[in-house]
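Asks: Just one file: structure.cif, with mmCIF, C-alpha atoms.
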```
data_upload
loop_
_atom_site.group_PDB
_atom_site.id
_atom_site.type_symbol
_atom_site.label_atom_id
_atom_site.label_comp_id
_atom_site.auth_asym_id
_atom_site.auth_seq_id
_atom_site.Cartn_x
_atom_site.Cartn_y
_atom_site.Cartn_z
ATOM 1 C CA MET A 28 54.166 130.182 -5.011
ATOM 2 C CA ASP A 29 50.660 128.909 -4.169
ATOM 3 C CA THR A 30 49.154 127.696 -7.471
ATOM 4 C CA PHE A 31 47.914 124.739 -9.449
ATOM 5 C CA GLU A 32 47.283 126.193 -12.907
ATOM 6 C CA GLN A 33 45.071 124.538 -15.500
ATOM 7 C CA ASP A 34 47.167 122.575 -18.004
ATOM 8 C CA ASN A 35 46.832 120.836 -21.371
ATOM 9 C CA LEU A 36 45.616 117.617 -19.784
ATOM 10 C CA SER A 37 41.884 118.397 -19.444
ATOM 11 C CA LYS A 38 39.374 116.140 -17.770
ATOM 12 C CA GLU A 39 38.313 114.819 -21.154
ATOM 13 C CA LYS A 40 41.874 114.049 -22.209
ATOM 14 C CA LEU A 41 42.575 112.210 -19.003
ATOM 15 C CA SER A 42 39.534 109.970 -19.373
ATOM 16 C CA ALA A 43 39.532 109.335 -23.127
ATOM 17 C CA GLY A 44 42.363 111.041 -24.978
ATOM 18 C CA ASN A 45 44.937 108.347 -24.352
ATOM 19 C CA GLY A 46 42.821 105.546 -25.767
ATOM 20 C CA ALA A 47 41.443 102.351 -24.290
ATOM 21 C CA ALA A 48 44.890 100.800 -23.904
ATOM 22 C CA LYS A 49 45.969 103.532 -21.495
ATOM 23 C CA GLU A 50 43.061 102.892 -19.167
ATOM 24 C CA GLU A 51 44.750 99.669 -18.067
ATOM 25 C CA ILE A 52 47.065 101.735 -15.843
ATOM 26 C CA PRO A 53 45.130 103.160 -12.842
ATOM 27 C CA ARG A 54 44.002 106.759 -13.221
ATOM 28 C CA TYR A 55 45.576 107.892 -9.953
ATOM 29 C CA GLN A 56 48.967 106.768 -11.276
ATOM 30 C CA ARG A 57 48.420 108.760 -14.456
ATOM 31 C CA ILE A 58 47.518 111.834 -12.450
ATOM 32 C CA ALA A 59 50.653 111.368 -10.350
ATOM 33 C CA CYS A 60 52.737 111.074 -13.513
ATOM 34 C CA ASP A 61 51.148 114.181 -15.021
ATOM 35 C CA VAL A 62 51.961 116.243 -11.929
ATOM 36 C CA ALA A 63 55.490 114.784 -11.860
ATOM 37 C CA SER A 64 55.899 115.702 -15.545
ATOM 38 C CA LYS A 65 55.189 119.335 -14.738
ATOM 39 C CA ILE A 66 57.632 119.227 -11.843
ATOM 40 C CA ALA A 67 60.266 117.690 -14.133
ATOM 41 C CA ALA A 68 59.593 120.372 -16.748
ATOM 42 C CA GLY A 69 60.007 123.160 -14.218
ATOM 43 C CA VAL A 70 56.383 124.218 -14.240
ATOM 44 C CA TYR A 71 56.295 123.521 -10.517
ATOM 45 C CA PRO A 72 59.823 124.190 -9.176
ATOM 46 C CA GLU A 73 61.049 122.775 -5.902
ATOM 47 C CA GLY A 74 59.435 124.628 -3.021
ATOM 48 C CA THR A 75 56.164 125.207 -4.885
ATOM 49 C CA ARG A 76 53.090 124.646 -2.751
ATOM 50 C CA LEU A 77 50.284 122.924 -4.628
ATOM 51 C CA TYR A 78 46.597 122.975 -3.823
ATOM 52 C CA ALA A 79 45.065 120.299 -1.622
ATOM 53 C CA ARG A 80 43.645 117.063 -2.959
ATOM 54 C CA SER A 81 40.149 118.583 -3.342
ATOM 55 C CA ALA A 82 41.506 121.026 -5.922
ATOM 56 C CA LEU A 83 43.436 118.232 -7.614
ATOM 57 C CA ALA A 84 40.303 116.090 -7.746
ATOM 58 C CA SER A 85 38.319 118.951 -9.277
ATOM 59 C CA GLN A 86 40.973 119.695 -11.883
ATOM 60 C CA TYR A 87 41.189 116.122 -13.136
ATOM 61 C CA GLY A 88 37.514 115.304 -12.695
ATOM 62 C CA VAL A 89 38.112 112.418 -10.289
ATOM 63 C CA SER A 90 37.036 111.540 -6.772
ATOM 64 C CA SER A 91 38.789 112.880 -3.692
ATOM 65 C CA GLU A 92 40.042 109.373 -2.950
ATOM 66 C CA THR A 93 41.653 109.077 -6.402
ATOM 67 C CA ALA A 94 43.372 112.433 -5.887
ATOM 68 C CA ARG A 95 44.572 111.319 -2.449
ATOM 69 C CA ARG A 96 46.106 108.162 -3.898
ATOM 70 C CA ALA A 97 47.900 110.196 -6.576
ATOM 71 C CA ILE A 98 49.387 112.456 -3.904
ATOM 72 C CA CYS A 99 50.428 109.405 -1.870
ATOM 73 C CA VAL A 100 52.351 108.047 -4.870
ATOM 74 C CA LEU A 101 54.272 111.308 -5.236
ATOM 75 C CA ALA A 102 54.899 111.523 -1.504
ATOM 76 C CA ASP A 103 56.083 107.892 -1.255
ATOM 77 C CA LEU A 104 58.580 108.567 -4.060
ATOM 78 C CA GLY A 105 59.903 111.662 -2.313
ATOM 79 C CA ILE A 106 58.738 113.999 -5.074
ATOM 80 C CA VAL A 107 56.384 116.014 -2.887
ATOM 81 C CA GLU A 108 55.777 116.387 0.808
ATOM 82 C CA SER A 109 52.252 116.402 2.154
ATOM 83 C CA SER A 110 51.438 117.712 5.617
ATOM 84 C CA ILE A 111 48.365 118.965 7.404
ATOM 85 C CA GLY A 112 48.185 122.736 7.270
ATOM 86 C CA SER A 113 50.997 123.145 4.745
ATOM 87 C CA GLY A 114 49.355 121.275 1.882
ATOM 88 C CA ILE A 115 51.532 119.710 -0.793
ATOM 89 C CA THR A 116 55.067 120.981 -1.391
ATOM 90 C CA VAL A 117 57.386 120.032 -4.268
ATOM 91 C CA ILE A 118 60.691 118.782 -2.850
ATOM 92 C CA SER A 119 62.551 116.912 -5.643
ATOM 93 C CA GLU A 120 62.667 117.633 -9.365
ATOM 94 C CA GLU A 121 65.275 114.885 -9.853
ATOM 95 C CA LYS A 122 62.992 112.192 -8.428
ATOM 96 C CA ALA A 123 60.129 113.530 -10.546
ATOM 97 C CA VAL A 124 62.258 113.054 -13.685
ATOM 98 C CA ALA A 125 63.122 109.482 -12.642
ATOM 99 C CA PHE A 126 59.472 108.657 -11.966
ATOM 100 C CA VAL A 127 58.298 110.012 -15.328
ATOM 101 C CA ARG A 128 60.921 107.961 -17.189
ATOM 102 C CA GLN A 129 59.968 104.805 -15.317
ATOM 103 C CA PHE A 130 56.280 105.426 -15.844
ATOM 104 C CA ARG A 131 56.718 105.859 -19.592
ATOM 105 C CA GLN A 132 58.531 102.524 -19.732
ATOM 106 C CA LEU A 133 55.649 100.867 -17.879
ATOM 107 C CA ASP A 134 53.227 102.567 -20.253
ATOM 108 C CA THR A 135 55.057 101.057 -23.216
ATOM 109 C CA ILE A 136 55.016 97.618 -21.583
ATOM 110 C CA ALA A 137 51.264 97.947 -21.010
ATOM 111 C CA ASP A 138 50.774 98.734 -24.697
ATOM 112 C CA LEU A 139 52.897 95.726 -25.693
ATOM 113 C CA GLN A 140 50.915 93.480 -23.351
ATOM 114 C CA LYS A 141 47.655 94.695 -24.848
ATOM 115 C CA ALA A 142 48.960 94.080 -28.371
ATOM 116 C CA LEU A 143 50.084 90.565 -27.361
ATOM 117 C CA HIS A 144 46.695 89.779 -25.818
ATOM 118 C CA GLU A 145 45.017 90.986 -28.996
ATOM 119 C CA LYS A 146 47.257 88.734 -31.108
ATOM 120 C CA ILE A 147 46.451 85.778 -28.844
ATOM 121 C CA ARG A 148 42.732 86.521 -29.115
ATOM 122 C CA HIS A 149 42.962 86.594 -32.916
ATOM 123 C CA TYR A 150 44.974 83.335 -32.847
ATOM 124 C CA ARG A 151 42.313 81.668 -30.704
ATOM 125 C CA ASP A 152 39.569 82.899 -33.022
ATOM 126 C CA ASP A 153 41.469 81.582 -36.066
ATOM 127 C CA PHE A 154 42.158 78.257 -34.329
ATOM 128 C CA GLU A 155 38.492 77.833 -33.430
ATOM 129 C CA ALA A 156 37.544 78.639 -37.029
ATOM 130 C CA ILE A 157 39.962 75.941 -38.270
ATOM 131 C CA VAL A 158 38.569 73.399 -35.802
ATOM 132 C CA ASN A 159 35.019 74.213 -36.902
ATOM 133 C CA LEU A 160 36.016 73.896 -40.553
ATOM 134 C CA LEU A 161 37.630 70.502 -39.948
ATOM 135 C CA GLU A 162 34.476 69.351 -38.168
ATOM 136 C CA GLU A 163 32.377 70.478 -41.149
ATOM 137 C CA ILE A 164 34.685 68.554 -43.487
ATOM 138 C CA ARG A 165 34.395 65.449 -41.311
ATOM 139 C CA GLU A 166 30.613 65.682 -41.211
ATOM 140 C CA SER A 167 30.432 66.282 -44.961
ATOM 141 C CA THR A 168 32.691 63.276 -45.625
ATOM 142 C CA THR A 169 30.596 61.067 -43.356
ATOM 143 C CA HIS A 170 27.428 62.278 -45.032
ATOM 144 C CA TYR A 171 28.929 61.681 -48.475
ATOM 145 C CA ARG A 172 29.904 58.141 -47.519
ATOM 146 C CA THR A 173 26.398 57.561 -46.174
ATOM 147 C CA ILE A 174 24.604 58.633 -49.331
ATOM 148 C CA ASN A 175 27.273 57.069 -51.572
ATOM 149 C CA PRO A 176 28.016 53.739 -49.897
ATOM 150 C CA PHE A 177 29.568 52.242 -53.032
ATOM 151 C CA VAL A 178 32.390 54.738 -53.421
ATOM 152 C CA PRO A 179 35.341 52.334 -53.073
ATOM 153 C CA TYR A 180 38.450 52.588 -50.958
ATOM 154 C CA GLN A 181 41.724 51.710 -52.636
ATOM 155 C CA PHE A 182 45.103 50.227 -51.806
ATOM 156 C CA ARG A 183 48.122 50.239 -54.145
ATOM 157 C CA LEU A 184 50.454 47.246 -54.020
ATOM 158 C CA SER A 185 54.171 48.017 -54.096
ATOM 159 C CA GLU A 186 57.092 45.787 -54.926
ATOM 160 C CA ASP A 187 57.765 45.124 -51.232
ATOM 161 C CA CYS A 188 54.253 43.760 -50.683
ATOM 162 C CA PRO A 189 54.724 40.255 -49.171
ATOM 163 C CA HIS A 190 51.686 38.857 -51.014
ATOM 164 C CA LEU A 191 52.551 39.524 -54.663
ATOM 165 C CA GLY A 192 51.751 36.463 -56.770
ATOM 166 C CA LYS A 193 48.983 35.322 -54.430
ATOM 167 C CA THR A 194 45.268 35.317 -55.196
ATOM 168 C CA LEU A 195 42.445 36.926 -53.238
ATOM 169 C CA GLN A 196 41.391 33.430 -52.243
ATOM 170 C CA ASP A 197 44.911 32.656 -50.987
ATOM 171 C CA LEU A 198 44.643 35.700 -48.725
ATOM 172 C CA ASN A 199 41.136 34.772 -47.552
ATOM 173 C CA PHE A 200 40.488 38.439 -48.293
ATOM 174 C CA TRP A 201 36.785 38.790 -47.509
ATOM 175 C CA HIS A 202 36.772 36.657 -44.357
ATOM 176 C CA LEU A 203 39.693 38.539 -42.830
ATOM 177 C CA THR A 204 38.685 42.072 -43.816
ATOM 178 C CA LEU A 205 34.880 41.966 -44.392
ATOM 179 C CA ALA A 206 35.616 44.088 -47.472
ATOM 180 C CA THR A 207 34.521 43.226 -51.007
ATOM 181 C CA VAL A 208 36.953 43.748 -53.891
ATOM 182 C CA VAL A 209 35.068 45.383 -56.762
ATOM 183 C CA ALA A 210 37.941 46.027 -59.144
ATOM 184 C CA VAL A 211 41.679 45.795 -59.678
ATOM 185 C CA GLY A 212 43.518 48.542 -61.531
ATOM 186 C CA ARG A 213 46.476 47.229 -63.511
ATOM 187 C CA ASP A 214 48.495 49.529 -65.740
ATOM 188 C CA LYS A 215 45.770 51.340 -67.723
ATOM 189 C CA GLU A 216 43.235 48.551 -67.336
ATOM 190 C CA ILE A 217 40.432 48.208 -64.796
ATOM 191 C CA ILE A 218 39.464 44.618 -64.024
ATOM 192 C CA LEU A 219 35.894 44.754 -62.719
ATOM 193 C CA SER A 220 34.555 42.138 -60.295
ATOM 194 C CA PRO A 221 37.786 40.120 -60.181
ATOM 195 C CA GLY A 222 37.294 36.517 -59.232
ATOM 196 C CA PRO A 223 38.845 34.826 -56.203
ATOM 197 C CA TYR A 224 41.672 33.547 -58.376
ATOM 198 C CA GLU A 225 42.894 36.972 -59.514
ATOM 199 C CA ILE A 226 46.654 37.096 -58.925
ATOM 200 C CA LEU A 227 47.965 40.241 -57.248
ATOM 201 C CA LYS A 228 50.849 41.977 -59.024
ATOM 202 C CA ASP A 229 53.243 44.820 -58.341
ATOM 203 C CA GLY A 230 51.561 48.182 -58.976
ATOM 204 C CA ASP A 231 48.007 46.824 -58.786
ATOM 205 C CA VAL A 232 45.405 49.075 -57.193
ATOM 206 C CA VAL A 233 42.839 47.085 -55.222
ATOM 207 C CA TYR A 234 39.434 48.808 -55.114
ATOM 208 C CA TYR A 235 37.127 47.576 -52.364
ATOM 209 C CA ILE A 236 34.004 48.599 -50.463
ATOM 210 C CA GLY A 237 33.018 48.153 -46.843
ATOM 211 C CA ASN A 238 32.599 50.093 -43.637
ATOM 212 C CA PRO A 239 35.337 52.520 -42.488
ATOM 213 C CA GLU A 240 36.706 49.939 -40.037
ATOM 214 C CA CYS A 241 37.685 47.627 -42.888
ATOM 215 C CA VAL A 242 40.306 50.090 -44.165
ATOM 216 C CA ASP A 243 42.676 49.266 -41.324
ATOM 217 C CA ARG A 244 42.052 45.537 -41.732
ATOM 218 C CA VAL A 245 42.839 45.655 -45.459
ATOM 219 C CA HIS A 246 46.020 47.606 -44.801
ATOM 220 C CA ARG A 247 47.187 45.097 -42.200
ATOM 221 C CA LEU A 248 46.375 42.116 -44.419
ATOM 222 C CA LEU A 249 48.211 43.451 -47.462
ATOM 223 C CA THR A 250 51.305 44.587 -45.546
ATOM 224 C CA ASP A 251 51.620 41.791 -42.992
ATOM 225 C CA SER A 252 54.235 39.269 -44.012
ATOM 226 C CA GLU A 253 52.967 36.560 -41.677
#
```
Could you render the structure as structure tokens?
Replies:
Amino acid sequence: MDTFEQDNLSKEKLSAGNGAAKEEIPRYQRIACDVASKIAAGVYPEGTRLYARSALASQYGVSSETARRAICVLADLGIVESSIGSGITVISEEKAVAFVRQFRQLDTIADLQKALHEKIRHYRDDFEAIVNLLEEIRESTTHYRTINPFVPYQFRLSEDCPHLGKTLQDLNFWHLTLATVVAVGRDKEIILSPGPYEILKDGDVVYYIGNPECVDRVHRLLTDSE
């Protein structure tokens, strides 16, 4: 039988009908799979002679080189035999079935890979958005501190603080931290502008002002037992 009938896979379906994800697998491989599918389905029984690559190229709307590569795939797999003068002859339905099954598995893997890449892209976009948001927060905080320089930092004294019962003067607070204590919160009371002889007690909240670097110095002073 010397035929290569038109089928349901038109030129338009081959190029667009399978969606963008399908285009990741080379077109010549898809053409080879489509021909193999027809062989597996019995449309082209063993012994059928198919048209030459020029007819195949015309049917699928591809170049002659693409058609040649599709034929080479089928020939390399032992599904068809291609020879000068005899054209293309179907020689193995069994191998066509095996190829179609394998191809469909690869097609599924390609779809999964595309979905994974899309998830990764969304993750990167979300991560960049989070980083940008954190940067905005940092800039806003810095700006707020700049225009409100007297918003105090605070440190709460706990019962394990090694300096309970000492005064700010005993600790040489300002000289060691370059921070100025503006208030001490004790129970429900706020002691404004405490003097150098204010005794520190368990649960006190020390409110102080200074540059950002003083925060670490205050923390070290009030937690260091030496």
Asks: Taking only C-alpha atoms into account, name the residue in A:Glu166, A:Ala206, A:Lys228, A:Ile118 that is nearest to Thr194 (chain A).
Replies: A:Lys228
Asks: For Ala123 (chain A), please output as a PyMOL selection string all residues within 12 Å (counting only C-alpha atoms; exclusion window: fewer than 4 positions along the same chain).
Replies: chain A and resi 59-73+100-107+117-119+127-130
Asks: Report as a PyMOL selection string the full result of the PyMOL selection byres ((chain A and resi 221-224) around 12) when it is applied to this structure.
Replies: chain A and resi 192-201+207-213+217-220+225-227+233-235
Asks: Any chance you could work out the residue set of the PyMOL selection byres ((chain A and resi 248) around 8) here, as an MDAnalysis selection string?
Replies: chainID A and resid 198 200 203:204 244:247 249:251
Asks: Quick one: residues within 8 Å of Gly114 (chain A), only C-alpha atoms counted, chain neighbours fewer than 3 positions away excluded, as a list in words?
Replies: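 Contacts, in chain order: Arg76, Leu77, Tyr78, Ala79, Ser109, Ser110 and Ile111 of chain A.
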Asks: When you draw a straight line from CA of Ile164 (chain A) to CA of His149 (chain A), how long is it in Å?
Replies: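 Between these atoms lies a distance of 22.5 Å.
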Asks: In terms of the shortest atom-to-atom distance over all atoms listed in the file, which of A:Gln181, A:Tyr87, A:Asp231, A:Glu155 is closest to Asp243 (chain A)?
Replies: A:Gln181
Asks: Quick one, how far is CA of Val232 (chain A) from CA of Phe182 (chain A)?
Replies: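 Result for CA of Val232 (chain A) versus CA of Phe182 (chain A): 5.5 Å, one decimal.
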Asks: With distances taken over all atoms listed in the file, which residue among A:Arg183, A:Glu162, A:Arg96, A:Gly88 lies nearest Tyr55 (chain A)?
Replies: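 Nearest candidate to Tyr55 (chain A) out of A:Arg183, A:Glu162, A:Arg96, A:Gly88: A:Arg96.
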Asks: Which residue out of A:Arg57, A:Ile115, A:Glu108, A:Glu145 has the minimum interatomic distance to Arg80 (chain A) when only C-alpha atoms are used?
Replies: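 Counting only C-alpha atoms, the residue closest to Arg80 (chain A) is A:Ile115.
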Asks: One number please: CA of Cys99 (chain A) to CA of Thr75 (chain A), in Å, one decimal.
Replies: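 So the answer is 17.1 Å.
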Asks: Using the atoms already present, construct all heavy atoms for region 123-134 of chain A and hand them back as a compact mmCIF listing (two decimals), in the frame of the given file.
Replies:
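Output file part-v1.txt is given in full below:
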```
# COMPACT_ATOMS: atom_id res chain seq x y z
N ALA A 123 61.26 113.41 -9.63
CA ALA A 123 60.13 113.53 -10.55
C ALA A 123 60.54 113.07 -11.94
O ALA A 123 59.79 112.36 -12.63
CB ALA A 123 59.63 114.97 -10.59
N VAL A 124 61.75 113.47 -12.37
CA VAL A 124 62.26 113.05 -13.68
C VAL A 124 62.39 111.54 -13.74
O VAL A 124 61.99 110.89 -14.73
CB VAL A 124 63.62 113.72 -13.97
CG1 VAL A 124 64.27 113.11 -15.22
CG2 VAL A 124 63.47 115.22 -14.13
N ALA A 125 62.94 110.94 -12.67
CA ALA A 125 63.12 109.48 -12.64
C ALA A 125 61.78 108.76 -12.69
O ALA A 125 61.63 107.75 -13.40
CB ALA A 125 63.89 109.09 -11.38
N PHE A 126 60.79 109.28 -11.98
CA PHE A 126 59.47 108.66 -11.97
C PHE A 126 58.82 108.71 -13.34
O PHE A 126 58.24 107.72 -13.82
CB PHE A 126 58.58 109.35 -10.94
CG PHE A 126 57.14 108.93 -10.99
CD1 PHE A 126 56.78 107.60 -10.86
CD2 PHE A 126 56.13 109.88 -11.19
CE1 PHE A 126 55.44 107.21 -10.91
CE2 PHE A 126 54.81 109.49 -11.25
CZ PHE A 126 54.45 108.15 -11.10
N VAL A 127 58.91 109.86 -14.00
CA VAL A 127 58.30 110.01 -15.33
C VAL A 127 58.93 109.04 -16.32
O VAL A 127 58.24 108.40 -17.12
CB VAL A 127 58.44 111.46 -15.83
CG1 VAL A 127 58.00 111.56 -17.29
CG2 VAL A 127 57.61 112.40 -14.97
N ARG A 128 60.24 108.90 -16.28
CA ARG A 128 60.92 107.96 -17.19
C ARG A 128 60.46 106.52 -16.93
O ARG A 128 60.18 105.77 -17.86
CB ARG A 128 62.44 108.07 -17.00
CG ARG A 128 63.03 109.35 -17.57
CD ARG A 128 64.52 109.42 -17.26
NE ARG A 128 65.12 110.62 -17.85
CZ ARG A 128 66.37 111.03 -17.59
NH1 ARG A 128 67.12 110.33 -16.75
NH2 ARG A 128 66.83 112.12 -18.17
N GLN A 129 60.40 106.16 -15.67
CA GLN A 129 59.97 104.80 -15.32
C GLN A 129 58.52 104.57 -15.72
O GLN A 129 58.17 103.50 -16.25
CB GLN A 129 60.13 104.58 -13.82
CG GLN A 129 59.78 103.16 -13.38
CD GLN A 129 59.92 102.98 -11.88
OE1 GLN A 129 59.62 103.90 -11.11
NE2 GLN A 129 60.38 101.82 -11.46
N PHE A 130 57.70 105.56 -15.51
CA PHE A 130 56.28 105.43 -15.84
C PHE A 130 56.09 105.24 -17.35
O PHE A 130 55.26 104.43 -17.78
CB PHE A 130 55.51 106.67 -15.38
CG PHE A 130 54.03 106.55 -15.54
CD1 PHE A 130 53.25 105.99 -14.54
CD2 PHE A 130 53.39 106.98 -16.71
CE1 PHE A 130 51.87 105.87 -14.69
CE2 PHE A 130 52.02 106.87 -16.86
CZ PHE A 130 51.26 106.30 -15.84
N ARG A 131 56.84 105.98 -18.13
CA ARG A 131 56.72 105.86 -19.59
C ARG A 131 57.13 104.47 -20.06
O ARG A 131 56.57 103.93 -21.01
CB ARG A 131 57.54 106.94 -20.28
CG ARG A 131 56.92 108.33 -20.15
CD ARG A 131 57.81 109.40 -20.71
NE ARG A 131 57.17 110.72 -20.60
CZ ARG A 131 57.78 111.87 -20.84
NH1 ARG A 131 59.07 111.87 -21.19
NH2 ARG A 131 57.13 113.01 -20.72
N GLN A 132 58.13 103.89 -19.39
CA GLN A 132 58.53 102.52 -19.73
C GLN A 132 57.41 101.54 -19.41
O GLN A 132 57.11 100.64 -20.19
CB GLN A 132 59.80 102.14 -18.97
CG GLN A 132 61.06 102.88 -19.43
CD GLN A 132 62.27 102.55 -18.59
OE1 GLN A 132 62.14 101.99 -17.51
NE2 GLN A 132 63.44 102.92 -19.07
N LEU A 133 56.77 101.73 -18.25
CA LEU A 133 55.65 100.87 -17.88
C LEU A 133 54.49 101.04 -18.84
O LEU A 133 53.78 100.08 -19.18
CB LEU A 133 55.20 101.19 -16.44
CG LEU A 133 56.18 100.84 -15.33
CD1 LEU A 133 55.66 101.32 -13.98
CD2 LEU A 133 56.42 99.33 -15.30
N ASP A 134 54.30 102.28 -19.30
CA ASP A 134 53.23 102.57 -20.25
C ASP A 134 53.46 101.80 -21.55
O ASP A 134 52.54 101.24 -22.14
CB ASP A 134 53.19 104.07 -20.53
CG ASP A 134 51.77 104.57 -20.71
OD1 ASP A 134 50.84 103.85 -20.33
OD2 ASP A 134 51.59 105.68 -21.22
```
